[in-house]
file structure_10.txt (compact mmCIF, C-alpha atoms)
# COMPACT_ATOMS: atom_id res chain seq x y z
CA MET A 186 -3.07 27.05 -2.43
CA GLU A 187 -2.14 28.18 -5.95
CA LYS A 188 -3.72 26.05 -8.64
CA SER A 189 -1.36 24.24 -10.99
CA LYS A 190 -3.09 25.02 -14.26
CA SER A 191 -2.93 28.76 -13.72
CA ASN A 192 0.85 28.58 -13.49
CA GLU A 193 1.83 26.16 -16.20
CA ARG A 194 2.00 28.83 -18.93
CA LYS A 195 4.88 30.40 -17.00
CA ALA A 196 7.09 27.35 -17.35
CA SER A 197 9.91 27.91 -19.80
CA SER A 198 11.85 25.37 -21.80
CA THR A 199 14.07 25.18 -18.72
CA THR A 200 11.40 23.00 -17.13
CA LYS A 201 12.02 20.26 -19.64
CA LEU A 202 15.74 20.38 -18.94
CA ILE A 203 15.00 20.10 -15.23
CA ALA A 204 12.72 17.17 -16.08
CA VAL A 205 15.55 15.24 -17.66
CA LEU A 206 17.73 15.90 -14.63
CA VAL A 207 15.12 15.03 -12.04
CA ILE A 208 14.28 11.75 -13.74
CA GLY A 209 17.77 10.73 -12.70
CA ILE A 210 17.03 11.28 -9.02
CA LEU A 211 15.20 8.03 -8.42
CA VAL A 212 17.33 6.06 -10.81
CA GLY A 213 20.63 7.46 -9.57
CA ALA A 214 20.09 8.65 -6.02
CA ALA A 215 21.70 5.56 -4.57
CA ILE A 216 25.00 6.49 -6.24
CA GLY A 217 24.77 10.23 -5.69
CA TYR A 218 23.90 11.02 -9.29
CA TYR A 219 21.56 13.86 -8.43
CA SER A 220 24.37 15.99 -6.94
CA ALA A 221 26.21 16.27 -10.23
CA SER A 222 23.00 16.71 -12.21
CA PHE A 223 21.62 19.60 -10.23
CA SER A 224 24.87 21.53 -10.16
CA ALA A 225 24.64 21.83 -13.94
CA ALA A 226 21.06 23.14 -14.04
CA PRO A 227 20.39 26.78 -15.04
CA SER A 228 19.32 29.22 -12.33
CA THR A 229 17.08 31.40 -14.51
CA ALA A 230 13.94 29.26 -14.55
CA LYS A 231 10.59 31.00 -14.15
CA THR A 232 8.45 29.95 -11.22
CA VAL A 233 5.74 27.33 -11.58
CA THR A 234 3.92 25.24 -8.96
CA TYR A 235 2.39 21.88 -9.83
CA THR A 236 -0.20 20.58 -7.37
CA ILE A 237 -0.80 16.86 -7.01
CA GLY A 238 -4.12 15.79 -5.53
CA LEU A 239 -4.17 13.35 -2.63
CA ALA A 240 -7.26 11.35 -1.61
CA SER A 241 -6.56 9.48 1.61
CA ASP A 242 -8.50 7.97 4.51
CA LEU A 243 -7.86 10.48 7.30
CA SER A 244 -10.81 9.58 9.52
CA SER A 245 -12.73 6.49 10.67
CA THR A 246 -11.38 2.95 10.37
CA GLY A 247 -8.67 3.60 7.78
CA ALA A 248 -7.19 6.70 9.41
CA SER A 249 -3.92 5.16 10.58
CA PHE A 250 -3.18 4.00 7.02
CA GLY A 251 -4.32 7.25 5.45
CA GLU A 252 -2.29 9.39 7.83
CA GLU A 253 0.81 7.37 6.99
CA THR A 254 0.11 7.89 3.30
CA LEU A 255 -0.23 11.65 3.88
CA THR A 256 2.98 11.89 5.90
CA SER A 257 4.91 9.93 3.28
CA ALA A 258 3.53 12.09 0.47
CA GLN A 259 4.51 15.23 2.37
CA LEU A 260 8.04 13.91 2.84
CA ALA A 261 8.26 13.21 -0.89
CA ILE A 262 7.07 16.73 -1.74
CA SER A 263 9.63 18.19 0.68
CA ASP A 264 12.47 16.12 -0.77
CA ILE A 265 11.52 16.92 -4.36
CA ASN A 266 11.30 20.64 -3.67
CA SER A 267 14.61 20.56 -1.84
CA TYR A 268 16.33 18.89 -4.77
CA LEU A 269 14.78 21.29 -7.27
CA ALA A 270 15.77 24.31 -5.17
CA ARG A 271 19.37 23.11 -5.16
CA SER A 272 19.32 23.25 -8.94
CA GLY A 273 18.14 26.87 -8.97
CA SER A 274 14.86 25.77 -10.52
CA GLY A 275 11.72 27.79 -10.02
CA VAL A 276 9.62 24.62 -10.17
CA THR A 277 7.94 23.47 -6.96
CA PHE A 278 5.32 20.88 -6.08
CA ALA A 279 2.42 20.99 -3.62
CA LEU A 280 -0.38 18.73 -2.36
CA SER A 281 -4.13 19.29 -2.27
CA VAL A 282 -5.52 16.85 0.29
CA GLN A 283 -9.03 15.40 0.62
CA ASP A 284 -10.27 12.92 3.24
CA SER A 285 -11.77 9.82 1.62
CA LEU A 286 -13.41 8.91 4.96
CA SER A 287 -12.61 5.17 4.79
CA THR A 288 -15.72 4.60 2.64
CA THR A 289 -16.51 4.18 -1.06
CA ASP A 290 -18.77 7.25 -1.02
CA GLY A 291 -16.04 9.22 0.72
CA ALA A 292 -13.52 8.25 -1.93
CA VAL A 293 -15.85 9.33 -4.74
CA SER A 294 -16.54 12.63 -2.99
CA ALA A 295 -12.82 13.26 -2.47
CA ILE A 296 -12.03 12.60 -6.15
CA LYS A 297 -14.89 14.83 -7.29
CA THR A 298 -13.74 17.65 -5.03
CA LEU A 299 -10.20 17.44 -6.36
CA ALA A 300 -11.45 17.39 -9.95
CA SER A 301 -13.68 20.42 -9.41
CA ALA A 302 -10.64 22.34 -8.14
CA GLY A 303 -8.70 21.41 -11.27
CA TYR A 304 -6.47 18.75 -9.73
CA THR A 305 -6.71 15.88 -12.19
CA ILE A 306 -3.45 14.11 -11.31
CA VAL A 307 -4.10 12.28 -8.04
CA LEU A 308 -2.35 9.93 -5.64
CA CYS A 309 -5.01 7.82 -3.96
CA HIS A 310 -4.96 5.75 -0.80
CA CYS A 311 -7.95 3.74 -2.00
CA TRP A 312 -8.85 0.21 -1.02
CA SER A 313 -10.01 -1.95 -3.91
CA GLY A 314 -13.69 -1.22 -3.27
CA GLN A 315 -12.99 2.51 -3.20
CA LEU A 316 -10.92 2.35 -6.38
CA SER A 317 -13.70 0.50 -8.17
CA ALA A 318 -16.14 3.20 -7.05
CA VAL A 319 -14.05 6.12 -8.36
CA GLU A 320 -12.99 4.50 -11.64
CA SER A 321 -15.95 5.61 -13.76
CA PHE A 322 -15.83 9.25 -12.64
CA ALA A 323 -12.06 9.46 -13.03
CA GLN A 324 -12.15 8.08 -16.55
CA SER A 325 -15.04 10.24 -17.73
CA ASN A 326 -13.28 13.34 -16.38
CA LYS A 327 -9.87 12.45 -17.84
CA MET A 328 -8.16 12.16 -14.46
CA LEU A 329 -5.05 10.14 -13.72
CA ILE A 330 -5.22 8.06 -10.52
CA LEU A 331 -2.14 6.41 -9.02
CA ASP A 332 -3.23 4.12 -6.19
CA VAL A 333 -1.03 2.88 -3.33
CA SER A 334 -3.25 0.39 -1.48
CA SER A 335 -5.58 -1.48 -3.84
CA THR A 336 -4.49 -5.08 -4.33
CA SER A 337 -7.55 -7.06 -5.44
CA ASN A 338 -6.83 -9.62 -8.09
CA LEU A 339 -10.32 -8.91 -9.47
CA LEU A 340 -9.05 -5.49 -10.60
CA ALA A 341 -6.08 -6.97 -12.45
CA VAL A 342 -7.55 -5.89 -15.78
CA PRO A 343 -6.76 -2.98 -18.13
CA LYS A 344 -7.78 0.26 -16.36
CA GLN A 345 -7.81 3.46 -18.40
CA ASP A 346 -5.83 6.20 -16.60
CA ILE A 347 -5.61 4.19 -13.35
CA TYR A 348 -2.43 2.60 -12.02
CA ARG A 349 -1.64 0.58 -8.89
CA LEU A 350 1.73 0.69 -7.12
CA ILE A 351 1.13 -2.68 -5.47
CA ALA A 352 0.95 -5.89 -7.45
CA PRO A 353 -2.36 -7.82 -7.54
CA ASP A 354 -3.10 -10.29 -4.78
CA SER A 355 -2.28 -13.21 -7.03
CA PHE A 356 1.19 -12.56 -5.59
CA GLN A 357 0.03 -12.31 -1.98
CA GLY A 358 -2.09 -15.45 -2.31
CA LYS A 359 1.04 -17.32 -3.38
CA ALA A 360 3.11 -15.74 -0.61
CA LEU A 361 0.57 -16.81 2.01
CA THR A 362 0.40 -20.30 0.54
CA THR A 363 4.17 -20.71 0.79
CA LEU A 364 4.34 -19.17 4.27
CA ILE A 365 1.57 -21.31 5.75
CA TRP A 366 2.77 -24.51 4.07
CA ASP A 367 6.34 -23.91 5.28
CA LYS A 368 4.97 -23.51 8.82
CA GLY A 369 3.71 -27.10 8.61
CA VAL A 370 0.01 -26.20 8.44
CA ARG A 371 -2.02 -28.36 6.09
CA LYS A 372 -5.64 -27.46 6.97
CA VAL A 373 -6.84 -23.85 6.90
CA VAL A 374 -10.10 -22.06 7.55
CA VAL A 375 -10.05 -18.74 5.67
CA ILE A 376 -12.32 -16.07 7.14
CA TYR A 377 -12.41 -13.29 4.59
CA ARG A 378 -14.13 -9.99 3.87
CA ASN A 379 -16.72 -10.61 1.16
CA ASP A 380 -15.56 -7.94 -1.29
CA ALA A 381 -13.10 -7.60 -4.15
CA TYR A 382 -10.15 -7.63 -1.74
CA GLY A 383 -11.13 -10.69 0.28
CA GLN A 384 -12.46 -12.65 -2.66
CA GLY A 385 -9.27 -12.03 -4.62
CA ILE A 386 -6.79 -13.31 -2.01
CA SER A 387 -8.95 -16.17 -0.72
CA GLY A 388 -9.56 -17.46 -4.24
CA VAL A 389 -5.87 -17.52 -5.17
CA PHE A 390 -4.94 -19.03 -1.80
CA LYS A 391 -7.47 -21.84 -2.06
CA THR A 392 -6.34 -22.76 -5.57
CA ASP A 393 -2.65 -22.76 -4.68
CA PHE A 394 -2.95 -24.38 -1.25
CA THR A 395 -5.20 -27.22 -2.38
CA GLY A 396 -2.86 -27.66 -5.33
CA LEU A 397 -0.16 -28.59 -2.83
CA GLY A 398 -2.48 -31.12 -1.24
CA GLY A 399 -3.84 -28.93 1.55
CA ASN A 400 -7.43 -28.59 2.79
CA VAL A 401 -9.17 -25.19 2.72
CA VAL A 402 -12.55 -24.13 4.12
CA LEU A 403 -13.76 -20.68 3.07
CA GLU A 404 -15.95 -18.51 5.33
CA ALA A 405 -17.04 -15.11 4.03
CA TYR A 406 -18.21 -12.23 6.23
CA GLN A 407 -19.77 -8.88 5.43
CA GLY A 408 -17.70 -5.81 6.15
CA SER A 409 -18.79 -3.05 8.52
CA LEU A 410 -21.02 -5.17 10.75
CA ALA A 411 -21.42 -3.94 14.32
CA ASP A 412 -20.40 -7.31 15.75
CA TYR A 413 -18.97 -10.61 14.51
CA ALA A 414 -19.90 -12.96 17.36
CA SER A 415 -21.98 -15.16 15.06
CA GLU A 416 -19.20 -15.35 12.44
CA VAL A 417 -16.67 -16.35 15.12
CA THR A 418 -18.99 -19.10 16.34
CA THR A 419 -19.12 -20.44 12.77
CA LEU A 420 -15.35 -20.09 12.49
CA SER A 421 -14.85 -22.16 15.64
CA SER A 422 -17.12 -24.87 14.28
CA ASN A 423 -15.23 -24.91 10.97
CA VAL A 424 -11.91 -25.28 12.78
CA GLN A 425 -13.29 -28.13 14.90
CA SER A 426 -14.38 -29.91 11.74
CA LEU A 427 -10.76 -29.90 10.54
CA GLY A 428 -9.39 -30.96 13.91
CA VAL A 429 -7.55 -28.77 16.39
CA GLY A 430 -3.81 -29.28 16.26
CA PRO A 431 -0.50 -27.98 14.87
CA GLN A 432 -1.52 -28.74 11.28
CA THR A 433 -4.66 -26.58 11.48
CA GLY A 434 -4.68 -22.79 11.08
CA VAL A 435 -6.90 -19.78 10.52
CA LEU A 436 -6.21 -17.20 7.80
CA PHE A 437 -7.83 -13.79 8.32
CA ILE A 438 -8.33 -11.53 5.28
CA GLY A 439 -9.90 -8.21 6.16
CA PHE A 440 -9.30 -4.87 7.83
CA ALA A 441 -8.26 -3.66 11.26
CA SER A 442 -11.61 -2.76 12.82
CA GLU A 443 -13.07 -6.13 11.85
CA ALA A 444 -9.96 -7.93 13.05
CA VAL A 445 -10.23 -6.34 16.50
CA ASN A 446 -13.83 -7.46 16.93
CA ILE A 447 -13.13 -10.96 15.61
CA PHE A 448 -10.01 -11.33 17.76
CA THR A 449 -11.97 -10.17 20.82
CA HIS A 450 -14.46 -13.01 20.42
CA ALA A 451 -11.83 -15.54 19.33
CA SER A 452 -9.67 -14.80 22.39
CA THR A 453 -12.26 -16.45 24.64
CA ASP A 454 -12.85 -19.48 22.41
CA ASN A 455 -11.00 -22.59 23.50
CA THR A 456 -10.78 -23.89 19.94
CA LEU A 457 -9.56 -20.71 18.26
CA THR A 458 -6.89 -20.05 20.87
CA HIS A 459 -5.28 -23.42 20.16
CA VAL A 460 -4.51 -23.06 16.46
CA THR A 461 -2.05 -20.85 14.58
CA TRP A 462 -3.41 -17.66 12.99
CA PHE A 463 -2.26 -15.98 9.81
CA SER A 464 -3.21 -12.70 8.15
CA SER A 465 -3.03 -10.70 4.95
CA GLU A 466 -1.68 -7.14 5.06
CA GLY A 467 -5.09 -5.52 5.58
CA PRO A 468 -5.14 -5.26 9.39
CA LYS A 469 -1.40 -4.63 9.92
CA GLY A 470 -1.06 -1.39 11.82
CA PRO A 471 -1.24 0.20 15.28
CA ASP A 472 -5.01 -0.25 15.53
CA ILE A 473 -4.76 -4.00 16.25
CA ILE A 474 -2.11 -3.99 18.99
CA PRO A 475 -1.99 -2.50 22.51
CA PRO A 476 -2.27 0.26 23.59
CA LYS A 477 -4.91 0.87 20.89
CA VAL A 478 -6.63 -2.38 21.94
CA PRO A 479 -6.88 -4.23 25.29
CA ALA A 480 -3.91 -6.30 26.40
CA SER A 481 -6.09 -9.41 26.10
CA ILE A 482 -6.08 -9.01 22.31
CA GLY A 483 -2.32 -8.60 22.27
CA ALA A 484 -2.06 -11.77 24.35
CA PHE A 485 -4.30 -13.61 21.87
CA GLU A 486 -2.18 -12.44 18.92
CA THR A 487 1.05 -13.64 20.50
CA GLN A 488 -0.49 -16.86 21.88
CA THR A 489 -1.69 -17.86 18.42
CA ASN A 490 1.58 -16.68 16.82
CA LEU A 491 -0.29 -14.37 14.43
CA THR A 492 1.87 -14.13 11.31
CA GLY A 493 1.20 -12.29 8.09
CA THR A 494 2.48 -10.91 4.82
CA PHE A 495 2.90 -7.34 3.68
CA PRO A 496 3.91 -5.86 0.30
CA GLN A 497 7.42 -4.60 0.85
CA SER A 498 10.79 -4.89 -0.84
CA ILE A 499 12.73 -7.49 1.13
CA VAL A 500 16.06 -5.81 0.30
CA ASN A 501 16.20 -2.16 1.34
CA ASN A 502 18.08 0.02 -1.14
CA THR A 503 19.61 3.41 -0.31
CA ILE A 504 16.42 5.24 -1.25
CA ALA A 505 14.41 3.06 1.11
CA ILE A 506 16.88 3.47 3.97
CA ASN A 507 16.90 7.26 3.62
CA PHE A 508 13.11 7.47 3.44
CA LEU A 509 12.56 5.12 6.38
CA ASN A 510 14.96 7.20 8.47
CA GLU A 511 13.10 10.37 7.47
CA PHE A 512 9.77 8.82 8.37
CA GLN A 513 11.03 7.59 11.73
CA ALA A 514 12.44 11.02 12.56
CA LYS A 515 9.18 12.76 11.67
CA THR A 516 6.71 10.36 13.32
CA GLY A 517 8.66 8.57 16.02
CA HIS A 518 7.69 5.15 14.68
CA THR A 519 8.43 2.83 11.77
CA ILE A 520 6.32 2.30 8.67
CA PHE A 521 3.16 0.29 9.29
CA ALA A 522 1.34 0.44 6.00
CA TYR A 523 1.74 1.93 2.52
CA GLY A 524 4.26 4.69 3.20
CA GLU A 525 6.91 3.49 0.79
CA GLN A 526 4.39 3.21 -2.05
CA ALA A 527 3.05 6.72 -1.30
CA TYR A 528 6.54 8.20 -1.24
CA ASP A 529 7.41 6.54 -4.54
CA GLY A 530 4.05 7.49 -6.06
CA ILE A 531 4.64 11.21 -5.53
CA TRP A 532 8.11 10.91 -7.01
CA LEU A 533 6.76 9.06 -10.04
CA LEU A 534 4.03 11.63 -10.65
CA ALA A 535 6.42 14.56 -10.16
CA ASN A 536 9.02 13.11 -12.50
CA THR A 537 6.40 12.46 -15.16
CA ILE A 538 4.92 15.96 -14.88
CA LEU A 539 8.42 17.43 -15.22
CA ALA A 540 9.18 15.28 -18.23
CA VAL A 541 5.92 16.31 -19.91
CA GLY A 542 6.57 19.95 -19.02
CA SER A 543 2.97 20.77 -18.11
CA TYR A 544 0.12 19.74 -15.84
CA ASN A 545 -1.68 17.56 -18.34
CA ALA A 546 -3.23 14.32 -17.09
CA THR A 547 -3.51 12.79 -20.56
CA ALA A 548 0.14 13.45 -21.39
CA VAL A 549 1.26 12.23 -17.97
CA ASN A 550 -0.81 9.08 -18.44
CA ASN A 551 0.87 8.40 -21.77
CA LEU A 552 4.39 8.66 -20.32
CA LEU A 553 4.03 7.33 -16.77
CA PRO A 554 4.36 3.57 -17.49
CA THR A 555 7.52 4.19 -19.50
CA LEU A 556 9.17 6.19 -16.72
CA ALA A 557 8.08 3.63 -14.13
CA GLN A 558 9.80 0.95 -16.20
CA HIS A 559 13.15 2.62 -15.48
CA MET A 560 12.68 3.71 -11.87
CA MET A 561 13.75 2.29 -8.53
CA GLY A 562 12.02 3.58 -5.42
CA ALA A 563 11.86 2.94 -1.70
CA SER A 564 9.44 0.10 -2.44
CA GLY A 565 11.76 -1.44 -5.04
CA PRO A 566 11.58 -1.62 -8.85
CA MET A 567 8.48 0.16 -10.14
CA GLN A 568 7.83 -1.57 -13.47
CA MET A 569 4.16 -2.00 -14.40
CA ASP A 570 2.40 -4.73 -16.32
CA SER A 571 -0.04 -4.33 -19.21
CA ASN A 572 -2.92 -3.78 -16.74
CA GLY A 573 -1.22 -0.78 -15.12
CA ASP A 574 -0.39 -2.75 -11.97
CA ARG A 575 3.01 -3.26 -10.39
CA ALA A 576 4.55 -6.09 -12.37
CA SER A 577 6.04 -7.97 -9.42
CA GLN A 578 5.95 -7.82 -5.64
CA ASP A 579 7.98 -9.17 -2.75
CA TYR A 580 6.35 -9.57 0.67
CA ALA A 581 7.74 -9.12 4.15
CA VAL A 582 6.66 -11.70 6.73
CA TRP A 583 5.60 -10.11 10.03
CA THR A 584 4.52 -11.19 13.44
CA ILE A 585 3.65 -9.44 16.72
CA VAL A 586 6.04 -9.50 19.68
CA ASN A 587 5.53 -8.56 23.31
CA THR A 588 8.57 -7.03 25.01
CA GLN A 589 7.82 -6.44 28.68
CA GLY A 590 4.26 -5.40 27.95
CA THR A 591 5.05 -3.38 24.80
CA TYR A 592 3.58 -4.88 21.64
CA ALA A 593 5.13 -4.24 18.24
CA PHE A 594 5.26 -5.63 14.72
CA GLU A 595 8.45 -7.38 13.75
CA ASN A 596 9.55 -8.55 10.31
CA ILE A 597 10.83 -12.11 10.57
CA GLY A 598 11.47 -12.90 6.93
CA GLY A 599 10.21 -12.40 3.43
CA TRP A 600 8.75 -14.01 0.32
CA ALA A 601 10.64 -13.33 -2.92
CA ALA A 602 8.55 -13.21 -6.08
CA ALA A 603 11.55 -14.15 -8.20
CA THR A 604 11.99 -17.50 -6.46
CA GLY A 605 8.57 -18.10 -4.89
CA THR A 606 10.23 -18.96 -1.59
CA VAL A 607 10.05 -17.70 1.99
CA THR A 608 13.27 -17.02 3.87
CA PHE A 609 13.17 -16.46 7.63
CA SER A 610 15.66 -14.14 9.26
CA SER A 611 16.14 -16.38 12.28
call {"tool": "encode", "arguments": {"input": "structure_10.txt", "output": "C-alpha cells"}}
result
Amino acid sequence: MEKSKSNERKASSTTKLIAVLVIGILVGAAIGYYSASFSAAPSTAKTVTYTIGLASDLSSTGASFGEETLTSAQLAISDINSYLARSGSGVTFALSVQDSLSTTDGAVSAIKTLASAGYTIVLCHCWSGQLSAVESFAQSNKMLILDVSSTSNLLAVPKQDIYRLIAPDSFQGKALTTLIWDKGVRKVVVIYRNDAYGQGISGVFKTDFTGLGGNVVLEAYQGSLADYASEVTTLSSNVQSLGVGPQTGVLFIGFASEAVNIFTHASTDNTLTHVTWFSSEGPKGPDIIPPKVPASIGAFETQTNLTGTFPQSIVNNTIAINFLNEFQAKTGHTIFAYGEQAYDGIWLLANTILAVGSYNATAVNNLLPTLAQHMMGASGPMQMDSNGDRASQDYAVWTIVNTQGTYAFENIGGWAAATGTVTFSS
C-alpha cells in the first residue's frame, strides 16, 4: 500500500478546493448538497493517496466488534473515494489495518506498528483500558487517535491528540438509571468489570440511582478470569439479601466473553433466574446469543428480560439510513456495535485531512474539533466537549427476542440526552 507521506507533495492547490467541497458532504448529504458541489470541481487535480491507520480487535474476545468497525471503515473509504471520483479529483483514501488482539498490549503493538510505517492519523477501536495504554506512546510520537469505543467516565479529562466519538459513561449511567427506575426496579446488584469502564458506569449509576431513593449493591469482578462460578455465587447471595421480587434487578457491566460465562452459571441459579437483568452496551453483539452460545443461555436472557442501553442516535437521519442499508447489504445483518461511530470517524478524519491539505497529524488535530462542531453523521451530531469527547449522547434501549428459535437483538426504545427520559416504542 502506498504511504501517504510520500504522496502529499503531489497535491496541488486543487486539494484545498476539494476539501471545502467535501466538508459539505456530511453536513449536506441529507439534502443532496454533494451532487451540486462535486459537479463544479476541477478535473485536473494531481493524484494523491492519504492512508488512515486503523487499529481494531480482529481476533479473540473483541473480534465481532472489531470486524464491524473494520467493515464500517471500509464502507466509509469506499463512499468517500466514490464521491471524490465523481468530482474528477485525483485524491483517494486508503486504510492500513492492524489487529489490536482484544488486549492492552495488542493495542499498543498495533499503534506502534502503524506509527513505524508512517501512519500517524489513526481510527482506533480501543476499549477504555486499551486507550489508556496507548495514550502515552501516541502523544510522545505526535499521533492523532480518534477512538470509537472507549466510554469510561474516568477518561473524561483533557487528552492531547486523542478524541472519543462516544460520550463518557456519565451519560450511560444516567440512561441506565432512568431505564431501570422506569421499569419499577428499586433494588439493584451491579456486577461490574473492575477496570476504568466498569468503575465509571457503576459509580455514576450508584450515585444517580440512590439519589432517586433506590438501593444499590456493588460487586466487582476481575476481567479475563477462566471462570466466574465464585462471583455468581456471591451475586446470588447479594440478590437474596435485597429480596427476590419484581423490584429487584441485576445490572451487568462488562464484556461478551465474561457475560457468557456469568450467564451460564446464573441460568441454573434459582435466585438469579427470578429477577430482571439489565446490561450496559459492552456485551451487546452476536457472541452472547444463539447460535454462538447454547440455547440455554438464550432462554435465560429472555426469561430474565435482559434489557440494556447502547450509544446510538434515536432518530435516524438520511446519512444513517443510507449507511445502515449499505452495511446490511454487505454483511447480511444489522449493526451490533460501533459501526456508525467508525463510519463517521473515517469521514471526520478524511474531511479534516482534505481541509488541511496534507497528511499532518498536528494540523489535523488543530482543526478536527472545529469541523466536528459542524458535522452530522450516521451516529448523529458530532460536536465534542473540551475534553475531546462527544459532547452529548442518546442511547437506544435493546432487549433480546426469540422468534421460533431464532434469537436477535431488538431496539424497544431510547433515552434522549436532551430530556433525560426514556421512551418505549411499544
call {"tool": "closest_residue", "arguments": {"input": "structure_10.txt", "among": "A:Asn501, A:Ser543, A:Ser421, A:Thr487", "to": "Thr453 (chain A)", "atoms": "all atoms listed in the file"}}
result
A:Ser421
call {"tool": "residues_around", "arguments": {"input": "structure_10.txt", "residues": "region 329-345 of chain A", "least_positions_apart": "3", "cutoff": "7 Å", "atoms": "all atoms listed in the file", "output": "CSV table (one decimal) with C-alpha atoms, in the coordinates of the input"}}
result
chain,number,residue,atom,x,y,z
A,305,THR,CA,-6.7,15.9,-12.2
A,306,ILE,CA,-3.4,14.1,-11.3
A,307,VAL,CA,-4.1,12.3,-8.0
A,308,LEU,CA,-2.4,9.9,-5.6
A,309,CYS,CA,-5.0,7.8,-4.0
A,310,HIS,CA,-5.0,5.8,-0.8
A,311,CYS,CA,-8.0,3.7,-2.0
A,312,TRP,CA,-8.8,0.2,-1.0
A,313,SER,CA,-10.0,-2.0,-3.9
A,324,GLN,CA,-12.2,8.1,-16.6
A,348,TYR,CA,-2.4,2.6,-12.0
A,349,ARG,CA,-1.6,0.6,-8.9
A,350,LEU,CA,1.7,0.7,-7.1
A,351,ILE,CA,1.1,-2.7,-5.5
A,352,ALA,CA,1.0,-5.9,-7.4
A,353,PRO,CA,-2.4,-7.8,-7.5
A,354,ASP,CA,-3.1,-10.3,-4.8
A,355,SER,CA,-2.3,-13.2,-7.0
A,381,ALA,CA,-13.1,-7.6,-4.2
A,382,TYR,CA,-10.2,-7.6,-1.7
A,385,GLY,CA,-9.3,-12.0,-4.6
A,523,TYR,CA,1.7,1.9,2.5
A,526,GLN,CA,4.4,3.2,-2.0
A,527,ALA,CA,3.0,6.7,-1.3
A,530,GLY,CA,4.0,7.5,-6.1
A,546,ALA,CA,-3.2,14.3,-17.1
A,550,ASN,CA,-0.8,9.1,-18.4
A,571,SER,CA,0.0,-4.3,-19.2
A,572,ASN,CA,-2.9,-3.8,-16.7
A,573,GLY,CA,-1.2,-0.8,-15.1
call {"tool": "closest_residue", "arguments": {"input": "structure_10.txt", "among": "A:Tyr592, A:Ile597, A:Gly383, A:Phe521", "to": "Ile482 (chain A)", "atoms": "all atoms listed in the file"}}
result
A:Tyr592
call {"tool": "residues_around", "arguments": {"input": "structure_10.txt", "residues": "Leu410 (chain A)", "least_positions_apart": "2", "cutoff": "10 Å", "atoms": "all atoms listed in the file", "output": "NGL selection string"}}
result
:A and (406-408 or 412-413 or 442-443 or 446)
call {"tool": "closest_residue", "arguments": {"input": "structure_10.txt", "among": "A:Asp284, A:Thr456, A:Phe278, A:Ala240", "to": "Ile262 (chain A)", "atoms": "only C-alpha atoms"}}
result
A:Phe278
call {"tool": "residues_around", "arguments": {"input": "structure_10.txt", "residues": "region 287-298 of chain A", "least_positions_apart": "6", "cutoff": "6 Å", "atoms": "all atoms listed in the file", "output": "VMD selection string"}}
result
chain A and resid 240 242 247 315 319
call {"tool": "closest_residue", "arguments": {"input": "structure_10.txt", "among": "A:Asp454, A:Glu466, A:Glu320, A:Glu404", "to": "Ile347 (chain A)", "atoms": "all atoms listed in the file"}}
result
A:Glu320
call {"tool": "atom_distance", "arguments": {"input": "structure_10.txt", "atom1": "CA of Ser464 (chain A)", "atom2": "CA of Val435 (chain A)"}}
result
8.3 Å
call {"tool": "closest_atom_pairs", "arguments": {"input": "structure_10.txt", "of": "region 314-375 of chain A", "to": "region 488-493 of chain A", "cutoff": "10 Å", "atoms": "all atoms listed in the file", "output": "tab-separated table"}}
result
residue	atom	partner	partner_atom	distance
A:Ala360	CA	A:Gly493	CA	9.6
A:Leu361	CA	A:Gly493	CA	7.6
A:Leu364	CA	A:Gly493	CA	8.5
A:Ile365	CA	A:Thr492	CA	9.1
call {"tool": "write_last_selection", "arguments": {"input": "structure_10.txt", "atoms": "C-alpha atoms", "output": "PDB file, keeping the file's coordinate frame"}}
result
ATOM      1  CA  ALA A 360       3.110 -15.740  -0.610  1.00  0.00           C
ATOM      2  CA  LEU A 361       0.570 -16.810   2.010  1.00  0.00           C
ATOM      3  CA  LEU A 364       4.340 -19.170   4.270  1.00  0.00           C
ATOM      4  CA  ILE A 365       1.570 -21.310   5.750  1.00  0.00           C
TER       5      ILE A 365
END
call {"tool": "closest_residue", "arguments": {"input": "structure_10.txt", "among": "A:Ala522, A:Leu286, A:Ala279, A:Met567", "to": "Ala261 (chain A)", "atoms": "all atoms listed in the file"}}
result
A:Ala279
call {"tool": "residues_around", "arguments": {"input": "structure_10.txt", "residues": "Pro475 (chain A)", "least_positions_apart": "4", "cutoff": "9 Å", "atoms": "all atoms listed in the file", "output": "MDAnalysis selection string"}}
result
chainID A and resid 471 479:483 590:593
call {"tool": "write_last_selection", "arguments": {"input": "structure_10.txt", "atoms": "C-alpha atoms", "output": "short mmCIF file (atom, residue, chain, number, x, y, z; two decimals), keeping the file's coordinate frame"}}
result
data_model
loop_
_atom_site.label_atom_id
_atom_site.label_comp_id
_atom_site.auth_asym_id
_atom_site.auth_seq_id
_atom_site.Cartn_x
_atom_site.Cartn_y
_atom_site.Cartn_z
CA PRO A 471 -1.24 0.20 15.28
CA PRO A 479 -6.88 -4.23 25.29
CA ALA A 480 -3.91 -6.30 26.40
CA SER A 481 -6.09 -9.41 26.10
CA ILE A 482 -6.08 -9.01 22.31
CA GLY A 483 -2.32 -8.60 22.27
CA GLY A 590 4.26 -5.40 27.95
CA THR A 591 5.05 -3.38 24.80
CA TYR A 592 3.58 -4.88 21.64
CA ALA A 593 5.13 -4.24 18.24
#
call {"tool": "closest_residue", "arguments": {"input": "structure_10.txt", "among": "A:Ile538, A:Val478, A:Val607, A:Ile520", "to": "Ser257 (chain A)", "atoms": "all atoms listed in the file"}}
result
A:Ile520
call {"tool": "atom_distance", "arguments": {"input": "structure_10.txt", "atom1": "CA of Gly430 (chain A)", "atom2": "CA of His459 (chain A)"}}
result
7.2 Å
call {"tool": "axis_aligned_box", "arguments": {"input": "structure_10.txt", "around": "region 395-399 of chain A", "padding_each_side": "5 Å", "output": "JSON"}}
result
{"center_x": -2.7, "center_y": -29.2, "center_z": -1.9, "size_x": 15.0, "size_y": 13.9, "size_z": 16.9}
call {"tool": "atom_distance", "arguments": {"input": "structure_10.txt", "atom1": "CA of Leu556 (chain A)", "atom2": "CA of Ala540 (chain A)"}}
result
9.2 Å
